[in-house]
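The structure file upload_18.pdb is reproduced below (PDB, C-alpha atoms).
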```
ATOM      1  CA  MET A 245      -3.397   7.788  30.611
ATOM      2  CA  ALA A 246      -1.849  11.245  30.993
ATOM      3  CA  ALA A 247      -3.745  14.053  29.319
ATOM      4  CA  GLY A 248      -0.846  14.877  26.986
ATOM      5  CA  THR A 249      -0.487  11.275  25.866
ATOM      6  CA  GLU A 250      -4.234  10.953  25.279
ATOM      7  CA  ALA A 251      -4.277  14.146  23.214
ATOM      8  CA  MET A 252      -1.472  12.859  20.971
ATOM      9  CA  GLU A 253      -3.224   9.520  20.510
ATOM     10  CA  ASN A 254      -6.509  11.213  19.599
ATOM     11  CA  ALA A 255      -4.743  13.378  17.009
ATOM     12  CA  ALA A 256      -3.491  10.210  15.271
ATOM     13  CA  TRP A 257      -6.795   8.378  15.380
ATOM     14  CA  ILE A 258      -9.299   7.659  12.633
ATOM     15  CA  ASP A 259     -12.841   7.317  13.929
ATOM     16  CA  CYS A 260     -13.788   3.688  14.610
ATOM     17  CA  ASP A 261     -16.870   3.905  12.394
ATOM     18  CA  LYS A 262     -14.727   5.161   9.513
ATOM     19  CA  ILE A 263     -12.198   2.362  10.046
ATOM     20  CA  ASP A 264     -15.072  -0.127   9.867
ATOM     21  CA  GLU A 265     -16.285   1.468   6.649
ATOM     22  CA  LEU A 266     -12.832   1.304   5.052
ATOM     23  CA  LEU A 267     -12.284  -2.286   6.122
ATOM     24  CA  HIS A 268     -15.597  -3.582   4.833
ATOM     25  CA  GLN A 269     -16.146  -1.634   1.626
ATOM     26  CA  ARG A 270     -15.659  -3.419  -1.677
ATOM     27  CA  ILE A 271     -12.064  -3.164  -2.868
ATOM     28  CA  LYS A 272     -11.481  -1.813  -6.364
ATOM     29  CA  VAL A 273      -8.000  -2.420  -7.734
ATOM     30  CA  LEU A 274      -6.544  -0.824 -10.846
ATOM     31  CA  VAL A 275      -3.592  -2.738 -12.301
ATOM     32  CA  SER A 276      -1.350  -0.970 -14.787
ATOM     33  CA  LEU A 277       0.299  -3.318 -17.291
ATOM     34  CA  ASP A 278       3.184  -2.257 -19.518
ATOM     35  CA  GLY A 279       4.884  -5.578 -20.261
ATOM     36  CA  SER A 280       7.718  -5.038 -17.788
ATOM     37  CA  ASP A 281       8.689  -7.839 -15.413
ATOM     38  CA  GLN A 282       7.665  -5.782 -12.390
ATOM     39  CA  SER A 283       4.155  -5.009 -13.642
ATOM     40  CA  SER A 284       3.701  -8.645 -14.693
ATOM     41  CA  CYS A 285       4.789  -9.795 -11.247
ATOM     42  CA  ALA A 286       2.370  -7.338  -9.654
ATOM     43  CA  PHE A 287      -0.425  -8.703 -11.834
ATOM     44  CA  GLU A 288       0.328 -12.263 -10.693
ATOM     45  CA  TRP A 289       0.126 -11.179  -7.046
ATOM     46  CA  VAL A 290      -3.196  -9.401  -7.566
ATOM     47  CA  LEU A 291      -4.750 -12.334  -9.413
ATOM     48  CA  HIS A 292      -3.523 -15.156  -7.206
ATOM     49  CA  GLY A 293      -2.978 -13.324  -3.917
ATOM     50  CA  PHE A 294      -5.524 -11.419  -1.900
ATOM     51  CA  THR A 295      -8.270 -11.489  -4.566
ATOM     52  CA  GLN A 296      -8.573 -15.246  -4.164
ATOM     53  CA  SER A 297      -9.445 -14.929  -0.475
ATOM     54  CA  ASP A 298     -11.531 -11.759  -0.785
ATOM     55  CA  ARG A 299     -14.338 -12.101  -3.299
ATOM     56  CA  GLU A 300     -15.439  -8.528  -2.610
ATOM     57  CA  THR A 301     -12.706  -7.304  -4.960
ATOM     58  CA  ASP A 302     -13.082  -5.866  -8.458
ATOM     59  CA  LEU A 303     -10.190  -5.503 -10.890
ATOM     60  CA  LEU A 304      -9.625  -3.025 -13.681
ATOM     61  CA  ILE A 305      -6.618  -3.964 -15.815
ATOM     62  CA  VAL A 306      -5.394  -1.097 -17.966
ATOM     63  CA  HIS A 307      -2.828  -0.782 -20.732
ATOM     64  CA  TYR A 308      -2.165   2.345 -22.785
ATOM     65  CA  TYR A 309      -0.464   1.691 -26.098
ATOM     66  CA  ASP A 310       1.320   3.871 -28.631
ATOM     67  CA  ASN A 311       1.106   2.629 -32.232
ATOM     68  CA  THR A 312       4.051   4.805 -33.248
ATOM     69  CA  LYS A 313       6.466   2.724 -31.147
ATOM     70  CA  GLU A 314       7.030  -0.077 -33.632
ATOM     71  CA  TYR A 315      10.469  -0.778 -32.175
ATOM     72  CA  LEU A 316       9.107  -2.263 -28.944
ATOM     73  CA  PRO A 317       9.939  -5.921 -28.197
ATOM     74  CA  PRO A 318       7.030  -8.330 -28.669
ATOM     75  CA  LYS A 319       6.116  -8.712 -24.990
ATOM     76  CA  TRP A 320       5.679  -4.941 -24.644
ATOM     77  CA  ARG A 321       3.236  -4.642 -27.511
ATOM     78  CA  ARG A 322      -0.507  -4.260 -27.251
ATOM     79  CA  ASN A 323      -1.590  -7.656 -28.592
ATOM     80  CA  ALA A 324       0.765  -9.625 -26.358
ATOM     81  CA  ILE A 325      -0.228  -7.713 -23.224
ATOM     82  CA  GLN A 326      -3.935  -7.965 -23.991
ATOM     83  CA  SER A 327      -3.820 -11.692 -24.785
ATOM     84  CA  ASP A 328      -1.850 -12.468 -21.649
ATOM     85  CA  ALA A 329      -4.197 -10.431 -19.440
ATOM     86  CA  GLU A 330      -7.323 -12.035 -20.910
ATOM     87  CA  ALA A 331      -5.952 -15.563 -20.537
ATOM     88  CA  LYS A 332      -4.891 -15.055 -16.926
ATOM     89  CA  CYS A 333      -8.096 -13.318 -15.859
ATOM     90  CA  THR A 334     -10.291 -15.941 -17.506
ATOM     91  CA  SER A 335      -8.501 -18.736 -15.659
ATOM     92  CA  ALA A 336      -8.495 -17.018 -12.261
ATOM     93  CA  LEU A 337     -11.724 -15.016 -11.925
ATOM     94  CA  VAL A 338     -15.344 -14.955 -12.991
ATOM     95  CA  SER A 339     -16.005 -12.370 -15.676
ATOM     96  CA  LYS A 340     -18.055 -10.005 -13.491
ATOM     97  CA  ARG A 341     -15.057  -9.381 -11.207
ATOM     98  CA  TYR A 342     -12.702  -7.873 -13.774
ATOM     99  CA  ASN A 343     -12.556  -5.562 -16.737
ATOM    100  CA  ILE A 344      -9.686  -5.127 -19.206
ATOM    101  CA  SER A 345      -9.215  -1.703 -20.764
ATOM    102  CA  ILE A 346      -6.791  -1.373 -23.687
ATOM    103  CA  ARG A 347      -6.653   2.210 -24.906
ATOM    104  CA  GLU A 348      -4.493   4.186 -27.275
ATOM    105  CA  ARG A 349      -2.367   6.715 -25.503
ATOM    106  CA  THR A 350      -3.374  10.314 -26.115
ATOM    107  CA  PRO A 351      -0.445  12.122 -27.782
ATOM    108  CA  GLY A 352       1.293  14.434 -25.340
ATOM    109  CA  VAL A 353      -0.494  13.053 -22.276
ATOM    110  CA  LYS A 354       1.578  11.156 -19.734
ATOM    111  CA  ILE A 355       0.604   7.634 -18.736
ATOM    112  CA  GLY A 356       0.510   8.783 -15.124
ATOM    113  CA  SER A 357      -2.152  11.354 -15.959
ATOM    114  CA  LEU A 358      -4.254   8.717 -17.756
ATOM    115  CA  LEU A 359      -3.963   6.452 -14.731
ATOM    116  CA  CYS A 360      -5.139   9.252 -12.456
ATOM    117  CA  GLN A 361      -8.166   9.784 -14.693
ATOM    118  CA  ASP A 362      -9.068   6.093 -14.478
ATOM    119  CA  ILE A 363      -8.507   6.055 -10.719
ATOM    120  CA  LYS A 364     -10.960   8.911 -10.319
ATOM    121  CA  GLU A 365     -13.523   7.524 -12.775
ATOM    122  CA  HIS A 366     -13.594   4.070 -11.180
ATOM    123  CA  ALA A 367     -13.048   5.243  -7.571
ATOM    124  CA  ALA A 368     -10.143   2.820  -7.229
ATOM    125  CA  SER A 369      -9.002   1.816  -3.745
ATOM    126  CA  PHE A 370      -5.536   0.753  -4.926
ATOM    127  CA  CYS A 371      -3.402   1.308  -8.002
ATOM    128  CA  VAL A 372      -0.870  -1.477  -8.599
ATOM    129  CA  MET A 373       2.113  -0.805 -10.866
ATOM    130  CA  GLY A 374       5.803  -1.464 -11.438
ATOM    131  CA  PHE A 375       8.285   0.741  -9.619
ATOM    132  CA  VAL A 376      10.495   1.794 -12.527
ATOM    133  CA  GLY A 377       8.352   1.120 -15.587
ATOM    134  CA  ARG A 378       9.912   0.003 -18.884
ATOM    135  CA  LYS A 379      12.615   2.635 -19.135
ATOM    136  CA  GLY A 380      14.763   1.883 -16.123
ATOM    137  CA  LYS A 381      16.372  -0.992 -14.286
ATOM    138  CA  ASP A 382      17.612   0.852 -11.206
ATOM    139  CA  LYS A 383      15.376  -0.049  -8.258
ATOM    140  CA  HIS A 384      16.500   3.145  -6.527
ATOM    141  CA  ILE A 385      15.031   5.433  -9.207
ATOM    142  CA  ILE A 386      11.276   5.711  -9.000
ATOM    143  CA  GLY A 387       9.325   5.894 -12.266
ATOM    144  CA  SER A 388       7.736   9.202 -13.266
ATOM    145  CA  ASN A 389       4.303   7.611 -13.707
ATOM    146  CA  VAL A 390       4.445   6.239 -10.152
ATOM    147  CA  LEU A 391       5.258   9.702  -8.838
ATOM    148  CA  GLU A 392       2.348  11.155 -10.795
ATOM    149  CA  VAL A 393      -0.084   8.625  -9.318
ATOM    150  CA  MET A 394       1.223   9.385  -5.823
ATOM    151  CA  ARG A 395       0.880  13.101  -6.493
ATOM    152  CA  GLN A 396      -2.558  13.220  -8.126
ATOM    153  CA  GLY A 397      -4.103   9.742  -7.965
ATOM    154  CA  LYS A 398      -5.496  10.075  -4.447
ATOM    155  CA  CYS A 399      -5.684   6.338  -3.902
ATOM    156  CA  SER A 400      -3.249   3.978  -2.223
ATOM    157  CA  CYS A 401      -0.451   2.904  -4.554
ATOM    158  CA  VAL A 402       1.163  -0.558  -4.522
ATOM    159  CA  VAL A 403       4.544  -0.288  -6.232
ATOM    160  CA  PHE A 404       6.332  -3.500  -7.163
ATOM    161  CA  LYS A 405      10.102  -3.873  -7.236
ATOM    162  CA  GLU A 406       9.958  -7.664  -7.316
ATOM    163  CA  ASN A 407      10.176  -9.134 -10.826
ATOM    164  CA  ASP A 408      10.300 -12.859 -10.021
ATOM    165  CA  PRO A 409       6.843 -14.448  -9.506
ATOM    166  CA  ALA A 410       8.483 -17.376  -7.700
ATOM    167  CA  LYS A 411       9.268 -15.025  -4.795
ATOM    168  CA  LEU A 412       5.686 -13.857  -4.358
ATOM    169  CA  PRO A 413       3.868 -14.777  -1.110
ATOM    170  CA  LEU A 414       1.238 -16.897  -2.845
ATOM    171  CA  ASN A 415       1.758 -20.266  -1.179
ATOM    172  CA  ARG A 416       2.999 -18.912   2.130
ATOM    173  CA  PRO A 417       1.947 -16.154   4.555
ATOM    174  CA  ALA A 418       2.812 -12.662   3.372
ATOM    175  CA  LYS A 419       4.793 -10.337   5.637
ATOM    176  CA  PHE A 420       3.806  -6.682   5.957
ATOM    177  CA  VAL A 421       5.746  -3.997   7.819
ATOM    178  CA  VAL A 422       3.764  -0.846   8.606
ATOM    179  CA  SER A 423       5.770   2.277   9.373
ATOM    180  CA  THR A 424       3.818   4.002  12.108
ATOM    181  CA  GLY A 425       3.763   7.215  14.089
ATOM    182  CA  LEU A 426       1.294   9.621  15.635
ATOM    183  CA  ASN A 427      -0.527  10.682  12.493
ATOM    184  CA  PRO A 428      -3.749   9.424  10.854
ATOM    185  CA  ALA A 429      -1.948   8.563   7.595
ATOM    186  CA  ALA A 430       0.006   5.895   9.504
ATOM    187  CA  THR A 431      -3.285   4.523  10.816
ATOM    188  CA  LYS A 432      -4.560   4.361   7.228
ATOM    189  CA  ALA A 433      -1.425   2.381   6.284
ATOM    190  CA  PHE A 434      -2.312  -0.219   8.914
ATOM    191  CA  VAL A 435      -5.908  -0.347   7.655
ATOM    192  CA  ASP A 436      -4.604  -0.915   4.116
ATOM    193  CA  ALA A 437      -2.360  -3.713   5.382
ATOM    194  CA  LEU A 438      -5.428  -5.445   6.803
ATOM    195  CA  ARG A 439      -7.303  -4.973   3.521
ATOM    196  CA  LEU A 440      -4.478  -6.374   1.386
ATOM    197  CA  SER A 441      -3.665  -9.272   3.699
ATOM    198  CA  ARG A 442      -5.069 -12.770   3.806
ATOM    199  CA  PRO A 443      -5.731 -15.098   6.753
ATOM    200  CA  GLY A 444      -2.442 -16.159   8.314
ATOM    201  CA  ASP A 445      -0.454 -13.200   7.006
ATOM    202  CA  HIS A 446       1.915 -11.384   9.360
ATOM    203  CA  ILE A 447       1.588  -7.640   9.969
ATOM    204  CA  HIS A 448       4.255  -5.909  12.059
ATOM    205  CA  VAL A 449       3.456  -2.322  13.025
ATOM    206  CA  VAL A 450       6.844  -0.718  13.569
ATOM    207  CA  TYR A 451       7.704   2.489  15.401
ATOM    208  CA  VAL A 452      11.367   3.474  15.411
ATOM    209  CA  ARG A 453      12.213   4.432  18.971
ATOM    210  CA  PRO A 454      14.618   7.424  19.013
ATOM    211  CA  TYR A 455      18.206   6.539  19.828
ATOM    212  CA  LEU A 456      18.320   8.708  22.966
ATOM    213  CA  GLU A 457      15.038   7.438  24.427
ATOM    214  CA  PRO A 458      15.802   5.103  27.349
ATOM    215  CA  HIS A 459      13.938   1.797  27.494
ATOM    216  CA  SER A 460      13.315   2.335  31.196
ATOM    217  CA  LYS A 461      11.320   5.532  30.569
ATOM    218  CA  GLU A 462       9.076   5.641  27.529
ATOM    219  CA  SER A 463       8.255   8.988  25.962
ATOM    220  CA  LYS A 464       4.661  10.189  25.683
ATOM    221  CA  VAL A 465       4.767   9.418  21.965
ATOM    222  CA  THR A 466       5.807   5.815  22.589
ATOM    223  CA  GLN A 467       3.141   5.419  25.274
ATOM    224  CA  ALA A 468       0.454   6.829  22.973
ATOM    225  CA  ILE A 469       1.395   4.482  20.126
ATOM    226  CA  ARG A 470       1.443   1.475  22.460
ATOM    227  CA  HIS A 471      -1.963   2.327  23.897
ATOM    228  CA  LYS A 472      -3.448   2.990  20.460
ATOM    229  CA  TYR A 473      -2.445  -0.349  18.925
ATOM    230  CA  ASP A 474      -3.115  -2.331  22.079
ATOM    231  CA  ALA A 475      -6.711  -1.123  21.732
ATOM    232  CA  ILE A 476      -6.893  -2.041  18.033
ATOM    233  CA  PHE A 477      -5.352  -5.482  18.542
ATOM    234  CA  GLU A 478      -7.692  -6.181  21.448
ATOM    235  CA  GLY A 479     -10.624  -5.311  19.178
ATOM    236  CA  MET A 480      -9.338  -7.870  16.664
ATOM    237  CA  LYS A 481      -9.410 -10.593  19.324
ATOM    238  CA  ASP A 482     -12.514  -9.620  21.291
ATOM    239  CA  ALA A 483     -15.658  -8.261  19.599
ATOM    240  CA  SER A 484     -16.731  -6.516  22.798
ATOM    241  CA  ALA A 485     -13.524  -4.443  22.777
ATOM    242  CA  TRP A 486     -14.437  -2.688  19.506
ATOM    243  CA  PRO A 487     -17.539  -0.435  19.233
ATOM    244  CA  SER A 488     -19.099  -2.350  16.339
ATOM    245  CA  GLY A 489     -17.470  -5.705  17.017
ATOM    246  CA  LYS A 490     -16.547  -5.931  13.324
ATOM    247  CA  MET A 491     -12.778  -5.849  13.791
ATOM    248  CA  VAL A 492     -12.770  -9.546  14.751
ATOM    249  CA  LYS A 493     -13.132 -10.316  11.051
ATOM    250  CA  PHE A 494      -9.357  -9.870  10.922
ATOM    251  CA  ALA A 495      -8.531 -12.000  13.964
ATOM    252  CA  ASP A 496      -6.873 -14.560  11.678
ATOM    253  CA  ARG A 497      -4.013 -12.148  10.880
ATOM    254  CA  VAL A 498      -0.851 -12.330  12.991
ATOM    255  CA  VAL A 499      -0.300  -8.787  14.246
ATOM    256  CA  LYS A 500       2.506  -7.387  16.369
ATOM    257  CA  LEU A 501       3.578  -3.949  17.588
ATOM    258  CA  VAL A 502       7.338  -3.476  17.411
ATOM    259  CA  PHE A 503       9.453  -0.700  18.868
ATOM    260  CA  ALA A 504      12.572  -0.918  16.722
ATOM    261  CA  PRO A 505      15.678   0.751  18.155
ATOM    262  CA  GLN A 506      17.349   3.496  16.184
ATOM    263  CA  GLY A 507      21.060   2.813  15.851
ATOM    264  CA  ILE A 508      23.736   5.395  16.420
ATOM    265  CA  ASN A 509      24.314   7.492  13.284
ATOM    266  CA  GLU A 510      21.236   5.839  11.770
ATOM    267  CA  GLY A 511      18.194   7.662  10.413
ATOM    268  CA  ILE A 512      14.606   6.644  11.100
ATOM    269  CA  ALA A 513      14.156   5.382   7.531
ATOM    270  CA  GLN A 514      17.334   3.328   7.717
ATOM    271  CA  ALA A 515      16.237   1.735  10.989
ATOM    272  CA  LEU A 516      12.823   0.881   9.541
ATOM    273  CA  VAL A 517      14.337  -0.614   6.396
ATOM    274  CA  ARG A 518      16.830  -2.591   8.478
ATOM    275  CA  TYR A 519      13.984  -4.110  10.463
ATOM    276  CA  ALA A 520      11.988  -4.887   7.310
ATOM    277  CA  ASN A 521      14.989  -6.570   5.699
ATOM    278  CA  ASN A 522      15.693  -8.695   8.795
ATOM    279  CA  PHE A 523      12.018  -9.660   8.934
ATOM    280  CA  GLU A 524      12.154 -10.507   5.202
ATOM    281  CA  ALA A 525       9.075  -8.378   4.608
ATOM    282  CA  ASP A 526       7.207  -8.688   1.323
ATOM    283  CA  PHE A 527       5.656  -5.223   1.645
ATOM    284  CA  VAL A 528       6.493  -2.066   3.533
ATOM    285  CA  MET A 529       3.586   0.311   4.141
ATOM    286  CA  VAL A 530       3.933   4.076   4.564
ATOM    287  CA  GLY A 531       1.168   6.647   4.866
ATOM    288  CA  THR A 532       0.802  10.026   3.209
ATOM    289  CA  ASN A 533      -1.710  12.853   3.440
ATOM    290  CA  VAL A 534      -3.040  13.599  -0.044
ATOM    291  CA  LEU A 535      -3.528  17.266   0.849
ATOM    292  CA  ARG A 536       0.261  17.693   1.002
ATOM    293  CA  VAL A 537       0.257  18.285  -2.752
ATOM    294  CA  ASP A 538      -2.466  20.923  -2.465
ATOM    295  CA  ARG A 539      -0.224  22.736   0.004
ATOM    296  CA  GLY A 540       2.663  22.721  -2.462
ATOM    297  CA  LYS A 541       4.577  19.863  -0.833
ATOM    298  CA  PRO A 542       5.898  16.680  -2.483
ATOM    299  CA  PRO A 543       3.527  13.673  -2.296
ATOM    300  CA  LEU A 544       5.675  11.900   0.301
ATOM    301  CA  GLY A 545       7.442  13.204   3.381
ATOM    302  CA  SER A 546      11.204  12.828   3.450
ATOM    303  CA  VAL A 547      11.252   9.792   5.761
ATOM    304  CA  SER A 548       8.520   7.933   3.851
ATOM    305  CA  LEU A 549      10.195   8.685   0.519
ATOM    306  CA  GLN A 550      13.534   7.441   1.835
ATOM    307  CA  ILE A 551      11.895   4.212   3.021
ATOM    308  CA  VAL A 552      10.325   3.642  -0.397
ATOM    309  CA  MET A 553      13.609   4.352  -2.153
ATOM    310  CA  GLU A 554      15.827   2.229   0.115
ATOM    311  CA  PHE A 555      13.660  -0.810   0.810
ATOM    312  CA  PRO A 556      14.535  -3.388  -1.886
ATOM    313  CA  GLY A 557      11.093  -4.998  -1.867
ATOM    314  CA  ASN A 558       7.569  -3.885  -2.700
ATOM    315  CA  CYS A 559       6.050  -0.810  -1.084
ATOM    316  CA  VAL A 560       2.547   0.476  -0.469
ATOM    317  CA  VAL A 561       1.995   4.212  -0.207
ATOM    318  CA  SER A 562      -1.301   4.533   1.643
ATOM    319  CA  SER A 563      -3.231   7.612   0.650
ATOM    320  CA  PHE A 564      -5.055   9.358   3.479
ATOM    321  CA  ASN A 565      -7.575  12.064   2.628
ATOM    322  CA  PRO A 566      -8.878  13.944   5.696
ATOM    323  CA  ASP A 567     -11.960  15.014   3.739
ATOM    324  CA  THR A 568     -13.108  11.461   2.964
ATOM    325  CA  ASP A 569     -11.117   8.989   5.080
ATOM    326  CA  MET A 570     -12.224  10.196   8.441
ATOM    327  CA  ALA A 571     -13.233  11.979  10.954
ATOM    328  CA  VAL A 572     -10.201  12.317  13.094
ATOM    329  CA  LYS A 573     -10.992  13.060  16.707
ATOM    330  CA  ASN A 574      -9.938  16.508  17.815
ATOM    331  CA  ALA A 575      -7.152  16.566  20.347
ATOM    332  CA  SER A 576      -8.395  17.715  23.704
TER     333      SER A 576
END
```
The structure in this file should be written as structure tokens.
Amino acid sequence: MAAGTEAMENAAWIDCDKIDELLHQRIKVLVSLDGSDQSSCAFEWVLHGFTQSDRETDLLIVHYYDNTKEYLPPKWRRNAIQSDAEAKCTSALVSKRYNISIRERTPGVKIGSLLCQDIKEHAASFCVMGFVGRKGKDKHIIGSNVLEVMRQGKCSCVVFKENDPAKLPLNRPAKFVVSTGLNPAATKAFVDALRLSRPGDHIHVVYVRPYLEPHSKESKVTQAIRHKYDAIFEGMKDASAWPSGKMVKFADRVVKLVFAPQGINEGIAQALVRYANNFEADFVMVGTNVLRVDRGKPPLGSVSLQIVMEFPGNCVVSSFNPDTDMAVKNAS
């Protein structure tokens, strides 16, 4: 491989030992319930989806109530949410694998801030929540609590737009689309897709090839991405092709690298969403560097944010922290 291509690939890489650690550590999932259809649908997926195939998963179900809101409909009230959560957890999991926390909301403190506190206290791997919360119905307007978790939560966030449990991938393979590029956050998104998936699920790693890049002559970026994922996929099939041999644990996933063409007058996000829609993806994964916020930037880059806003299905914003989620190899 050309030196320039190898340098770009190394800059996007997460050390193999760290990938192994992420893939094999116990998953801790925080589920935020508010009574909305989206959060209820998310809860169904967590209970009857990947947790049923991965017993190394712990759940923390949280609900923050406000006793002053007596006008709320019955299904949004504390007792109804607590009873429903207890009944569903009891029927699906052994008691040591879940905990239900029902707490009164602190006056003046946003729900998003309370979620971030719980994420930190319990070292959650994922926070699962509805996209718009209880106040909105527009799937193109992201809820303020979701934004707060993305900004300060520092864990991967699964945001649900689906509100019909019948459409969940519970009795069929789930379809994941991972938006990729030459950055370690995109690699973390692929790792999260493996962690959330079950045997038989489909994971398409998608790079949008620039409109002006000819198919007959791949750019160095395209070559680096192809080489990078060819190596990962080979490690999933052949234990000897991965340093520890542990990647073969995920050989029962159906993985594919896709170079999706960018249409004329089409942005990268639009091309990615078009592919995900045609594939009928259940989840789209995007990566973000948590240190963006510390540098005064929004929690998501413009392309990732546009993907999350425009894709009509569920999204996973994979949180990558260079201080804890790596060592990334230095580009030579």
(message) One decimal, in Å: what's the spacing between CA of Lys541 in chain A and CA of Ile386 in chain A?
(response) 17.7 Å
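Contact shell of range 546-558 of chain A at 7 Å (only C-alpha atoms; same-chain neighbours under 5 positions omitted): His384, Val403, Phe404, Lys405, Glu406, Ala513, Val517, Asp526, Phe527, Val528 and Val530 of chain A.
When the PyMOL selection byres ((chain A and resi 282) around 8) is run on the displayed coordinates, the residues it returns are A:Ser280, A:Asp281, A:Ser283, A:Ser284, A:Cys285, A:Ala286, A:Met373, A:Gly374, A:Phe375, A:Gly377, A:Phe404, A:Lys405, A:Glu406, A:Asn407, A:Asp408.
Across the model, the gap from CA of Arg442 in chain A to CA of Cys333 in chain A is 19.9 Å.
Distances from A:Asp496, A:Asp436, A:Asp302, A:Asp474 to Gly531 in chain A were compared using all atoms listed in the file, and the smallest one belongs to A:Asp436.
With all atoms listed in the file taken into account, the protein and nucleic acid residues at most 6 Å from Gly356 in chain A (excluding it and anything under 3 positions from it in its own chain) are Leu359, Asn389, Glu392 and Val393 of chain A.
Shortest atom-to-atom contact with Phe370 in chain A among A:Lys500, A:Lys340, A:Lys398, A:Lys464: A:Lys398, counting only C-alpha atoms.
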